[in-house]
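Asker: I am sharing structure-v9.pdb, which consists of PDB, C-alpha atoms:
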```pdb
MODEL        1
ATOM      1  CA  MET H   1     111.949 116.013 103.800  1.00  0.00           C
ATOM      2  CA  PRO H   2     108.649 115.509 105.651  1.00  0.00           C
ATOM      3  CA  LEU H   3     107.169 118.693 107.069  1.00  0.00           C
ATOM      4  CA  ASP H   4     106.909 118.832 110.840  1.00  0.00           C
ATOM      5  CA  LEU H   5     103.475 120.030 111.923  1.00  0.00           C
ATOM      6  CA  GLU H   6     104.969 121.779 114.947  1.00  0.00           C
ATOM      7  CA  THR H   7     107.233 123.934 112.770  1.00  0.00           C
ATOM      8  CA  LEU H   8     104.183 125.109 110.825  1.00  0.00           C
ATOM      9  CA  GLU H   9     102.230 126.334 113.851  1.00  0.00           C
ATOM     10  CA  THR H  10     103.486 129.878 113.308  1.00  0.00           C
ATOM     11  CA  ILE H  11     102.178 130.120 109.730  1.00  0.00           C
ATOM     12  CA  PRO H  12      99.043 132.297 109.962  1.00  0.00           C
ATOM     13  CA  ASP H  13      97.730 132.364 106.397  1.00  0.00           C
ATOM     14  CA  ALA H  14      96.688 129.769 103.841  1.00  0.00           C
ATOM     15  CA  THR H  15      96.828 130.015 100.066  1.00  0.00           C
ATOM     16  CA  TYR H  16      93.156 129.019  99.739  1.00  0.00           C
ATOM     17  CA  ASN H  17      90.128 129.770 101.902  1.00  0.00           C
ATOM     18  CA  ARG H  18      87.858 126.869 100.872  1.00  0.00           C
ATOM     19  CA  VAL H  19      89.132 123.552  99.560  1.00  0.00           C
ATOM     20  CA  MET H  20      87.979 120.071  98.614  1.00  0.00           C
ATOM     21  CA  LEU H  21      90.043 117.130  99.885  1.00  0.00           C
ATOM     22  CA  LYS H  22      89.502 113.938  97.886  1.00  0.00           C
ATOM     23  CA  ILE H  23      90.992 110.714  99.225  1.00  0.00           C
ATOM     24  CA  SER H  24      90.461 107.111  98.255  1.00  0.00           C
ATOM     25  CA  GLY H  25      88.861 104.548 100.496  1.00  0.00           C
ATOM     26  CA  GLU H  26      92.084 102.561 100.241  1.00  0.00           C
ATOM     27  CA  ALA H  27      93.865 105.397 102.047  1.00  0.00           C
ATOM     28  CA  LEU H  28      91.961 104.421 105.201  1.00  0.00           C
ATOM     29  CA  MET H  29      93.180 100.809 105.125  1.00  0.00           C
ATOM     30  CA  GLY H  30      96.697 101.523 106.347  1.00  0.00           C
ATOM     31  CA  ASP H  31      98.730  98.359 105.874  1.00  0.00           C
ATOM     32  CA  GLN H  32      95.622  96.189 105.995  1.00  0.00           C
ATOM     33  CA  GLY H  33      94.180  94.595 102.889  1.00  0.00           C
ATOM     34  CA  PHE H  34      90.589  95.540 103.605  1.00  0.00           C
ATOM     35  CA  GLY H  35      88.378  97.782 105.737  1.00  0.00           C
ATOM     36  CA  LEU H  36      89.295 100.577 108.126  1.00  0.00           C
ATOM     37  CA  ASN H  37      92.503 100.976 110.090  1.00  0.00           C
ATOM     38  CA  PRO H  38      91.624 103.263 113.050  1.00  0.00           C
ATOM     39  CA  PRO H  39      95.177 104.643 113.554  1.00  0.00           C
ATOM     40  CA  THR H  40      95.309 105.586 109.865  1.00  0.00           C
ATOM     41  CA  VAL H  41      91.898 107.266 110.027  1.00  0.00           C
ATOM     42  CA  GLN H  42      93.065 109.199 113.105  1.00  0.00           C
ATOM     43  CA  ARG H  43      96.295 110.273 111.390  1.00  0.00           C
ATOM     44  CA  ILE H  44      94.392 111.645 108.399  1.00  0.00           C
ATOM     45  CA  ALA H  45      91.945 113.376 110.756  1.00  0.00           C
ATOM     46  CA  ARG H  46      94.893 115.113 112.449  1.00  0.00           C
ATOM     47  CA  GLU H  47      96.098 116.306 109.042  1.00  0.00           C
ATOM     48  CA  VAL H  48      92.639 117.719 108.315  1.00  0.00           C
ATOM     49  CA  LYS H  49      92.501 119.392 111.738  1.00  0.00           C
ATOM     50  CA  SER H  50      95.867 121.048 111.164  1.00  0.00           C
ATOM     51  CA  VAL H  51      94.459 122.724 108.044  1.00  0.00           C
ATOM     52  CA  HIS H  52      91.134 123.499 109.725  1.00  0.00           C
ATOM     53  CA  ASP H  53      93.094 125.280 112.475  1.00  0.00           C
ATOM     54  CA  MET H  54      94.454 127.654 109.820  1.00  0.00           C
ATOM     55  CA  GLY H  55      90.905 128.887 109.221  1.00  0.00           C
ATOM     56  CA  VAL H  56      90.451 127.010 105.947  1.00  0.00           C
ATOM     57  CA  GLU H  57      86.939 125.780 105.148  1.00  0.00           C
ATOM     58  CA  ILE H  58      87.176 122.082 104.235  1.00  0.00           C
ATOM     59  CA  CYS H  59      85.003 119.798 102.138  1.00  0.00           C
ATOM     60  CA  MET H  60      85.855 116.102 101.892  1.00  0.00           C
ATOM     61  CA  VAL H  61      84.935 113.200  99.649  1.00  0.00           C
ATOM     62  CA  ILE H  62      86.179 109.709 100.547  1.00  0.00           C
ATOM     63  CA  GLY H  63      85.981 106.750  98.189  1.00  0.00           C
ATOM     64  CA  GLY H  64      84.677 103.341  99.199  1.00  0.00           C
ATOM     65  CA  GLY H  65      87.193 100.996  97.597  1.00  0.00           C
ATOM     66  CA  ASN H  66      88.434  99.694 100.949  1.00  0.00           C
ATOM     67  CA  ILE H  67      84.979  98.161 101.505  1.00  0.00           C
ATOM     68  CA  PHE H  68      83.342  97.708  98.105  1.00  0.00           C
ATOM     69  CA  ARG H  69      84.034  98.979  94.600  1.00  0.00           C
ATOM     70  CA  GLY H  70      81.163  99.044  92.141  1.00  0.00           C
ATOM     71  CA  LEU H  71      83.285  98.345  89.066  1.00  0.00           C
ATOM     72  CA  SER H  72      84.853  95.298  90.698  1.00  0.00           C
ATOM     73  CA  GLY H  73      81.438  93.969  91.645  1.00  0.00           C
ATOM     74  CA  ALA H  74      80.165  94.491  88.104  1.00  0.00           C
ATOM     75  CA  ALA H  75      83.236  92.747  86.702  1.00  0.00           C
ATOM     76  CA  GLN H  76      82.338  89.686  88.764  1.00  0.00           C
ATOM     77  CA  GLY H  77      78.877  89.483  87.229  1.00  0.00           C
ATOM     78  CA  MET H  78      76.866  91.744  89.531  1.00  0.00           C
ATOM     79  CA  GLU H  79      74.429  94.139  87.888  1.00  0.00           C
ATOM     80  CA  ARG H  80      76.320  97.437  87.534  1.00  0.00           C
ATOM     81  CA  THR H  81      73.696  99.742  89.027  1.00  0.00           C
ATOM     82  CA  THR H  82      73.322  97.565  92.135  1.00  0.00           C
ATOM     83  CA  ALA H  83      77.097  97.309  92.498  1.00  0.00           C
ATOM     84  CA  ASP H  84      77.478 101.085  92.276  1.00  0.00           C
ATOM     85  CA  TYR H  85      74.827 101.672  94.939  1.00  0.00           C
ATOM     86  CA  MET H  86      76.681  99.247  97.216  1.00  0.00           C
ATOM     87  CA  GLY H  87      79.835 101.283  96.614  1.00  0.00           C
ATOM     88  CA  MET H  88      77.967 104.461  97.561  1.00  0.00           C
ATOM     89  CA  LEU H  89      76.947 102.897 100.875  1.00  0.00           C
ATOM     90  CA  ALA H  90      80.599 102.040 101.504  1.00  0.00           C
ATOM     91  CA  THR H  91      81.496 105.735 101.169  1.00  0.00           C
ATOM     92  CA  VAL H  92      78.929 106.576 103.858  1.00  0.00           C
ATOM     93  CA  MET H  93      80.630 104.136 106.243  1.00  0.00           C
ATOM     94  CA  ASN H  94      84.004 105.760 105.587  1.00  0.00           C
ATOM     95  CA  ALA H  95      82.549 109.241 106.018  1.00  0.00           C
ATOM     96  CA  LEU H  96      81.062 108.318 109.401  1.00  0.00           C
ATOM     97  CA  ALA H  97      84.421 106.906 110.517  1.00  0.00           C
ATOM     98  CA  MET H  98      86.180 110.134 109.531  1.00  0.00           C
ATOM     99  CA  GLN H  99      83.481 112.217 111.234  1.00  0.00           C
ATOM    100  CA  SER H 100      84.035 110.287 114.461  1.00  0.00           C
ATOM    101  CA  ALA H 101      87.815 110.781 114.265  1.00  0.00           C
ATOM    102  CA  LEU H 102      87.474 114.512 113.603  1.00  0.00           C
ATOM    103  CA  GLU H 103      84.980 115.024 116.422  1.00  0.00           C
ATOM    104  CA  ASP H 104      87.358 113.232 118.803  1.00  0.00           C
ATOM    105  CA  LEU H 105      89.818 116.025 117.943  1.00  0.00           C
ATOM    106  CA  GLY H 106      87.237 118.722 118.645  1.00  0.00           C
ATOM    107  CA  VAL H 107      86.462 119.533 114.999  1.00  0.00           C
ATOM    108  CA  PHE H 108      82.780 120.103 114.239  1.00  0.00           C
ATOM    109  CA  CYS H 109      81.797 117.998 111.276  1.00  0.00           C
ATOM    110  CA  ARG H 110      78.790 117.018 109.159  1.00  0.00           C
ATOM    111  CA  VAL H 111      78.312 113.974 106.944  1.00  0.00           C
ATOM    112  CA  ILE H 112      76.081 114.901 104.005  1.00  0.00           C
ATOM    113  CA  SER H 113      74.745 112.093 101.833  1.00  0.00           C
ATOM    114  CA  ALA H 114      73.476 112.251  98.268  1.00  0.00           C
ATOM    115  CA  ILE H 115      71.211 109.321  99.208  1.00  0.00           C
ATOM    116  CA  PRO H 116      68.847 110.298 102.063  1.00  0.00           C
ATOM    117  CA  MET H 117      69.376 108.282 105.254  1.00  0.00           C
ATOM    118  CA  ASP H 118      68.218 110.676 107.937  1.00  0.00           C
ATOM    119  CA  GLN H 119      69.040 108.513 110.947  1.00  0.00           C
ATOM    120  CA  VAL H 120      72.787 108.612 110.281  1.00  0.00           C
ATOM    121  CA  CYS H 121      73.552 111.752 108.249  1.00  0.00           C
ATOM    122  CA  GLU H 122      72.088 114.815 106.567  1.00  0.00           C
ATOM    123  CA  PRO H 123      70.603 114.824 103.058  1.00  0.00           C
ATOM    124  CA  TYR H 124      72.430 116.963 100.528  1.00  0.00           C
ATOM    125  CA  ILE H 125      71.012 120.484 100.378  1.00  0.00           C
ATOM    126  CA  ARG H 126      73.484 122.880  98.824  1.00  0.00           C
ATOM    127  CA  ARG H 127      72.575 126.021 100.761  1.00  0.00           C
ATOM    128  CA  ARG H 128      72.649 124.135 104.071  1.00  0.00           C
ATOM    129  CA  ALA H 129      76.065 122.681 103.241  1.00  0.00           C
ATOM    130  CA  VAL H 130      77.417 126.132 102.379  1.00  0.00           C
ATOM    131  CA  ARG H 131      76.140 127.403 105.726  1.00  0.00           C
ATOM    132  CA  HIS H 132      77.978 124.595 107.528  1.00  0.00           C
ATOM    133  CA  LEU H 133      81.193 125.667 105.826  1.00  0.00           C
ATOM    134  CA  GLU H 134      80.628 129.291 106.772  1.00  0.00           C
ATOM    135  CA  LYS H 135      80.307 128.111 110.381  1.00  0.00           C
ATOM    136  CA  LYS H 136      83.708 126.402 110.000  1.00  0.00           C
ATOM    137  CA  ARG H 137      82.324 122.869 110.075  1.00  0.00           C
ATOM    138  CA  VAL H 138      84.042 120.236 107.959  1.00  0.00           C
ATOM    139  CA  CYS H 139      81.585 118.829 105.404  1.00  0.00           C
ATOM    140  CA  ILE H 140      82.097 115.224 104.306  1.00  0.00           C
ATOM    141  CA  PHE H 141      80.063 114.471 101.192  1.00  0.00           C
ATOM    142  CA  ALA H 142      79.076 110.806 100.971  1.00  0.00           C
ATOM    143  CA  ALA H 143      77.277 108.467  98.540  1.00  0.00           C
ATOM    144  CA  GLY H 144      78.932 109.995  95.497  1.00  0.00           C
ATOM    145  CA  THR H 145      76.566 111.937  93.262  1.00  0.00           C
ATOM    146  CA  GLY H 146      73.713 109.621  94.258  1.00  0.00           C
ATOM    147  CA  ASN H 147      73.742 108.129  90.769  1.00  0.00           C
ATOM    148  CA  PRO H 148      75.349 104.952  89.396  1.00  0.00           C
ATOM    149  CA  TYR H 149      78.053 105.136  86.711  1.00  0.00           C
ATOM    150  CA  PHE H 150      79.697 108.160  88.359  1.00  0.00           C
ATOM    151  CA  THR H 151      82.855 107.842  90.438  1.00  0.00           C
ATOM    152  CA  THR H 152      83.694 109.596  93.700  1.00  0.00           C
ATOM    153  CA  ASP H 153      86.267 111.622  91.712  1.00  0.00           C
ATOM    154  CA  THR H 154      83.410 113.078  89.695  1.00  0.00           C
ATOM    155  CA  ALA H 155      81.392 113.558  92.878  1.00  0.00           C
ATOM    156  CA  ALA H 156      84.287 115.460  94.472  1.00  0.00           C
ATOM    157  CA  THR H 157      84.610 117.735  91.442  1.00  0.00           C
ATOM    158  CA  LEU H 158      80.850 118.326  91.323  1.00  0.00           C
ATOM    159  CA  ARG H 159      80.600 119.198  95.020  1.00  0.00           C
ATOM    160  CA  ALA H 160      83.722 121.368  94.845  1.00  0.00           C
ATOM    161  CA  ASN H 161      82.096 123.435  92.124  1.00  0.00           C
ATOM    162  CA  GLU H 162      78.765 123.615  93.950  1.00  0.00           C
ATOM    163  CA  MET H 163      80.446 124.682  97.210  1.00  0.00           C
ATOM    164  CA  GLY H 164      82.604 127.306  95.524  1.00  0.00           C
ATOM    165  CA  CYS H 165      85.884 125.602  96.436  1.00  0.00           C
ATOM    166  CA  GLN H 166      89.009 127.217  95.021  1.00  0.00           C
ATOM    167  CA  VAL H 167      90.936 123.977  94.516  1.00  0.00           C
ATOM    168  CA  ILE H 168      90.699 120.196  94.802  1.00  0.00           C
ATOM    169  CA  PHE H 169      93.407 118.415  96.807  1.00  0.00           C
ATOM    170  CA  LYS H 170      93.786 114.825  95.628  1.00  0.00           C
ATOM    171  CA  GLY H 171      95.621 112.803  98.287  1.00  0.00           C
ATOM    172  CA  THR H 172      97.488 109.798  96.856  1.00  0.00           C
ATOM    173  CA  LYS H 173     100.364 107.460  97.672  1.00  0.00           C
ATOM    174  CA  VAL H 174     102.836 109.474  95.577  1.00  0.00           C
ATOM    175  CA  ASP H 175     103.869 113.136  95.687  1.00  0.00           C
ATOM    176  CA  GLY H 176     102.364 114.225  92.392  1.00  0.00           C
ATOM    177  CA  VAL H 177     101.624 113.232  88.812  1.00  0.00           C
ATOM    178  CA  TYR H 178     104.243 111.194  86.941  1.00  0.00           C
ATOM    179  CA  ASP H 179     104.613 110.310  83.276  1.00  0.00           C
ATOM    180  CA  LYS H 180     104.467 106.637  84.330  1.00  0.00           C
ATOM    181  CA  ASP H 181     104.019 104.631  87.494  1.00  0.00           C
ATOM    182  CA  PRO H 182     106.917 105.628  89.809  1.00  0.00           C
ATOM    183  CA  GLU H 183     106.502 102.434  91.828  1.00  0.00           C
ATOM    184  CA  LYS H 184     107.239 100.354  88.736  1.00  0.00           C
ATOM    185  CA  HIS H 185     109.617 102.617  86.801  1.00  0.00           C
ATOM    186  CA  ALA H 186     112.684 104.155  88.434  1.00  0.00           C
ATOM    187  CA  ASP H 187     113.018 106.693  85.594  1.00  0.00           C
ATOM    188  CA  ALA H 188     109.502 108.085  86.040  1.00  0.00           C
ATOM    189  CA  LYS H 189     109.442 111.882  85.944  1.00  0.00           C
ATOM    190  CA  ARG H 190     107.168 114.049  88.072  1.00  0.00           C
ATOM    191  CA  TYR H 191     105.346 117.026  86.628  1.00  0.00           C
ATOM    192  CA  ASP H 192     105.400 120.264  88.632  1.00  0.00           C
ATOM    193  CA  SER H 193     102.435 121.427  86.581  1.00  0.00           C
ATOM    194  CA  VAL H 194     100.370 119.802  83.847  1.00  0.00           C
ATOM    195  CA  SER H 195      97.335 120.880  81.834  1.00  0.00           C
ATOM    196  CA  PHE H 196      93.928 119.248  81.946  1.00  0.00           C
ATOM    197  CA  ASP H 197      94.203 118.457  78.239  1.00  0.00           C
ATOM    198  CA  ASP H 198      97.552 116.694  78.716  1.00  0.00           C
ATOM    199  CA  VAL H 199      96.115 114.629  81.581  1.00  0.00           C
ATOM    200  CA  LEU H 200      93.324 113.477  79.262  1.00  0.00           C
ATOM    201  CA  ALA H 201      95.483 112.993  76.177  1.00  0.00           C
ATOM    202  CA  LYS H 202      98.258 111.101  77.995  1.00  0.00           C
ATOM    203  CA  ARG H 203      95.853 109.255  80.299  1.00  0.00           C
ATOM    204  CA  LEU H 204      97.906 110.177  83.345  1.00  0.00           C
ATOM    205  CA  GLY H 205      95.373 108.723  85.762  1.00  0.00           C
ATOM    206  CA  VAL H 206      94.915 111.735  88.049  1.00  0.00           C
ATOM    207  CA  MET H 207      91.138 111.264  88.082  1.00  0.00           C
ATOM    208  CA  ASP H 208      88.667 109.735  85.674  1.00  0.00           C
ATOM    209  CA  ALA H 209      88.009 111.600  82.440  1.00  0.00           C
ATOM    210  CA  SER H 210      84.604 113.005  83.431  1.00  0.00           C
ATOM    211  CA  ALA H 211      86.054 114.543  86.618  1.00  0.00           C
ATOM    212  CA  ILE H 212      88.973 116.097  84.721  1.00  0.00           C
ATOM    213  CA  ALA H 213      86.638 117.498  82.056  1.00  0.00           C
ATOM    214  CA  LEU H 214      84.326 118.979  84.698  1.00  0.00           C
ATOM    215  CA  ALA H 215      87.263 120.608  86.502  1.00  0.00           C
ATOM    216  CA  ARG H 216      88.658 121.954  83.221  1.00  0.00           C
ATOM    217  CA  ASP H 217      85.322 123.392  82.101  1.00  0.00           C
ATOM    218  CA  ASN H 218      84.966 125.240  85.411  1.00  0.00           C
ATOM    219  CA  ASN H 219      88.625 126.294  85.710  1.00  0.00           C
ATOM    220  CA  LEU H 220      89.031 124.412  88.991  1.00  0.00           C
ATOM    221  CA  PRO H 221      92.675 123.435  89.658  1.00  0.00           C
ATOM    222  CA  ILE H 222      93.634 120.057  91.141  1.00  0.00           C
ATOM    223  CA  ILE H 223      96.638 119.594  93.417  1.00  0.00           C
ATOM    224  CA  VAL H 224      97.960 116.033  93.614  1.00  0.00           C
ATOM    225  CA  PHE H 225     100.071 115.315  96.692  1.00  0.00           C
ATOM    226  CA  SER H 226     101.145 112.492  98.982  1.00  0.00           C
ATOM    227  CA  LEU H 227      98.754 111.808 101.824  1.00  0.00           C
ATOM    228  CA  ASP H 228     101.475 109.736 103.500  1.00  0.00           C
ATOM    229  CA  GLU H 229     103.810 112.700 103.993  1.00  0.00           C
ATOM    230  CA  PRO H 230     103.300 114.095 107.525  1.00  0.00           C
ATOM    231  CA  GLY H 231     102.142 117.705 107.357  1.00  0.00           C
ATOM    232  CA  GLY H 232     101.900 117.598 103.571  1.00  0.00           C
ATOM    233  CA  PHE H 233      98.331 118.901 103.319  1.00  0.00           C
ATOM    234  CA  ARG H 234      98.969 121.879 105.561  1.00  0.00           C
ATOM    235  CA  GLY H 235     102.417 122.458 104.122  1.00  0.00           C
ATOM    236  CA  ILE H 236     101.083 122.943 100.591  1.00  0.00           C
ATOM    237  CA  LEU H 237      98.492 125.424 101.825  1.00  0.00           C
ATOM    238  CA  ALA H 238     101.336 127.298 103.522  1.00  0.00           C
ATOM    239  CA  GLY H 239     103.356 127.385 100.301  1.00  0.00           C
ATOM    240  CA  GLU H 240     105.632 124.426 101.030  1.00  0.00           C
ATOM    241  CA  GLY H 241     105.878 120.781  99.998  1.00  0.00           C
ATOM    242  CA  THR H 242     106.032 118.738  96.808  1.00  0.00           C
ATOM    243  CA  TYR H 243     103.026 118.335  94.542  1.00  0.00           C
ATOM    244  CA  THR H 244     101.714 118.570  90.995  1.00  0.00           C
ATOM    245  CA  LYS H 245      99.197 121.210  90.018  1.00  0.00           C
ATOM    246  CA  VAL H 246      96.740 120.365  87.242  1.00  0.00           C
ATOM    247  CA  GLN H 247      95.288 123.477  85.654  1.00  0.00           C
ATOM    248  CA  GLY H 248      94.592 125.295  82.430  1.00  0.00           C
TER
ENDMDL
END
```
Would you give me this structure, written as structure tokens?

Answerer:
Amino acid sequence: MPLDLETLETIPDATYNRVMLKISGEALMGDQGFGLNPPTVQRIAREVKSVHDMGVEICMVIGGGNIFRGLSGAAQGMERTTADYMGMLATVMNALAMQSALEDLGVFCRVISAIPMDQVCEPYIRRRAVRHLEKKRVCIFAAGTGNPYFTTDTAATLRANEMGCQVIFKGTKVDGVYDKDPEKHADAKRYDSVSFDDVLAKRLGVMDASAIALARDNNLPIIVFSLDEPGGFRGILAGEGTYTKVQG
């Protein structure tokens, strides 16, 4: 049953103090086939605000697949490095959209780019980003790692480690990790918990292999949950909800 945000208003404490929220660019499309759907961006911003109101320090990384995906561009004959840089720019656009939605809700926010573009966002400086978090500002990390051949999943895991996050929340269309695609197989089984090694060995598709390996090597757990479930993000932090935890 979806969690009602209003029923959670009385919950004072969160399980984690500093978290990374990783969502795909496609999550911002809503029911569109391309680009940004403002109502969807606003809904996700409200979810983030509900967790921010609990006193949790929040980092975010948003993919760019709703605008441009480097791998797809390379597959169509574009030079891979150029395609990846175009994908990084798409993540900056998504980050700015989320910043605008959060600020409309009264949440102080900073977009921090791995590729310097001073007129629109801050360059990535680790100590400055940590200070923003300490001041309870949401930090949205854009442009991936700043390097081609690395996904935003890897960027999210890298920044989570650098920022001292206690966990990565991976928002998806399903409520956890399954042994096979639940949208195609009715008998798909959800894991309550799964190890990093099993994710790699069984190719469960939580994140790309480099991101999983980086999280494993730094003992950083990943919680996979449904971004479409109202109140799901806050509910998990309050000890409720359905999800899969990747650890160990």

Asker: The centre and edge lengths of an axis-aligned box containing all atoms of segment 210-214 of chain H present in the file, extended by 8 Å on each side, are to be given in Å to one decimal, as lines of an AutoDock Vina configuration file.

Answerer:
```
center_x = 86.6
center_y = 116.0
center_z = 84.3
size_x = 20.6
size_y = 22.0
size_z = 20.6
```

Asker: So how many Å separate atom CA of Ile125 of chain H and atom CA of Arg46 of chain H, to one decimal?

Answerer: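 Value for the atom CA of Ile125 of chain H-atom CA of Arg46 of chain H distance: 27.3 Å.
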
Asker: List the spatial neighbours of segment 154-156 of chain H as a ChimeraX atom specification - criterion: any atom at most 7 Å away, all atoms listed in the file, same-chain residues fewer than 3 positions off excluded.

Answerer: /H:22,61,144-145,150-151,159-160,210-211

Asker: Pull out every residue that the PyMOL selection byres ((chain H and resi 208) around 10) matches in the shown coordinates and put them as a list of chain:residue names.

Answerer: H:Phe150, H:Thr151, H:Thr152, H:Asp153, H:Thr154, H:Val199, H:Leu200, H:Arg203, H:Leu204, H:Gly205, H:Val206, H:Met207, H:Ala209, H:Ser210, H:Ala211, H:Ile212, H:Ala213

Asker: Find the residue from H:Tyr124, H:Tyr191, H:Phe68, H:Tyr16 that sits nearest to Lys245 of chain H; use only C-alpha atoms when measuring.

Answerer: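 Answer, going by the shortest atom-to-atom distance: H:Tyr191.
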
Asker: If we count only C-alpha atoms and set the cut-off at 10 Å, which residues sit around Val51 of chain H, ignoring sequence neighbours fewer than 3 positions away in its own chain? Please answer as a PyMOL selection string.

Answerer: chain H and resi 14+46-48+54-58+231+233-238

Asker: Can you spit out the residues from that selection as a short mmCIF file (atom, residue, chain, number, x, y, z; two decimals), in the frame of the given file, using C-alpha atoms?

Answerer:
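In the end it all went to part.cif:
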```cif
data_model
loop_
_atom_site.label_atom_id
_atom_site.label_comp_id
_atom_site.auth_asym_id
_atom_site.auth_seq_id
_atom_site.Cartn_x
_atom_site.Cartn_y
_atom_site.Cartn_z
CA ALA H 14 96.69 129.77 103.84
CA ARG H 46 94.89 115.11 112.45
CA GLU H 47 96.10 116.31 109.04
CA VAL H 48 92.64 117.72 108.32
CA MET H 54 94.45 127.65 109.82
CA GLY H 55 90.90 128.89 109.22
CA VAL H 56 90.45 127.01 105.95
CA GLU H 57 86.94 125.78 105.15
CA ILE H 58 87.18 122.08 104.24
CA GLY H 231 102.14 117.70 107.36
CA PHE H 233 98.33 118.90 103.32
CA ARG H 234 98.97 121.88 105.56
CA GLY H 235 102.42 122.46 104.12
CA ILE H 236 101.08 122.94 100.59
CA LEU H 237 98.49 125.42 101.82
CA ALA H 238 101.34 127.30 103.52
#
```

Asker: When distances are computed from all atoms listed in the file, which of H:Ala101, H:Val224, H:Ile67, H:Met86 shows the smallest separation from Ile168 of chain H?

Answerer: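 Between H:Ala101, H:Val224, H:Ile67, H:Met86, the residue approaching Ile168 of chain H most closely is H:Val224.
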
Asker: Give me, please, the distance in Å between atom CA of Gly30 of chain H and atom CA of Glu229 of chain H, quoted to one decimal.

Answerer: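 A separation of 13.5 Å between them.
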
Asker: Can you list every residue of segment 132-236 of chain H that has an atom at most 12 Å from segment 94-100 of chain H, with its nearest atom pair and the distance in Å to one decimal, using all atoms listed in the file, ordered by chain then number, as a tab-separated table?

Answerer:
```
residue	atom	partner	partner_atom	distance
H:Arg137	CA	H:Gln99	CA	10.8
H:Val138	CA	H:Gln99	CA	8.7
H:Cys139	CA	H:Gln99	CA	9.0
H:Ile140	CA	H:Ala95	CA	6.2
H:Phe141	CA	H:Ala95	CA	7.5
H:Ala142	CA	H:Ala95	CA	6.3
H:Ala143	CA	H:Ala95	CA	9.2
H:Gly144	CA	H:Ala95	CA	11.2
```

Asker: Calculated over only C-alpha atoms, which of the candidates H:Ser193, H:Asn66, H:Thr82, H:Thr244 has the smallest distance to Leu36 of chain H?

Answerer: H:Asn66

Asker: Choose the residue, out of H:Met93, H:Ala215, H:Leu102, H:Ile23, that has the smallest atom-to-atom separation from Arg43 of chain H; count all atoms listed in the file.

Answerer: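 Under the stated criterion, the closest residue is H:Leu102.
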
Asker: Might you spell out which residues the PyMOL selection byres ((chain H and resi 221) around 8) would select in the displayed file, as a PyMOL selection string?

Answerer: chain H and resi 166-168+215-216+219-220+222-223+245-248

Asker: Give me a file of those residues, with C-alpha atoms, as an mmCIF file, in the frame of the given file.

Answerer:
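What follows is the written file result-v8.cif:
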```cif
data_model
loop_
_atom_site.group_PDB
_atom_site.id
_atom_site.type_symbol
_atom_site.label_atom_id
_atom_site.label_comp_id
_atom_site.auth_asym_id
_atom_site.auth_seq_id
_atom_site.Cartn_x
_atom_site.Cartn_y
_atom_site.Cartn_z
ATOM 1 C CA GLN H 166 89.009 127.217 95.021
ATOM 2 C CA VAL H 167 90.936 123.977 94.516
ATOM 3 C CA ILE H 168 90.699 120.196 94.802
ATOM 4 C CA ALA H 215 87.263 120.608 86.502
ATOM 5 C CA ARG H 216 88.658 121.954 83.221
ATOM 6 C CA ASN H 219 88.625 126.294 85.710
ATOM 7 C CA LEU H 220 89.031 124.412 88.991
ATOM 8 C CA ILE H 222 93.634 120.057 91.141
ATOM 9 C CA ILE H 223 96.638 119.594 93.417
ATOM 10 C CA LYS H 245 99.197 121.210 90.018
ATOM 11 C CA VAL H 246 96.740 120.365 87.242
ATOM 12 C CA GLN H 247 95.288 123.477 85.654
ATOM 13 C CA GLY H 248 94.592 125.295 82.430
#
```

Asker: For atom CA of Ala188 of chain H and atom CA of Ala27 of chain H, determine how far apart the two atoms are, in Å to one decimal place.

Answerer: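 Computing the Euclidean distance for atom CA of Ala188 of chain H and atom CA of Ala27 of chain H yields 22.5 Å.
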
Asker: Counting all atoms listed in the file, what is within 12 Å of Gly70 of chain H, bar same-chain residues fewer than 2 positions away, as an MDAnalysis selection string?

Answerer: chainID H and resid 63:68 72:91 144 147:152

Asker: Given the file shown, enumerate the residues that the PyMOL selection byres ((chain H and resi 242) around 10) captures and present them as an MDAnalysis selection string.

Answerer: chainID H and resid 1:2 174:176 190 192 224:226 229 232 235:236 239:241 243:245
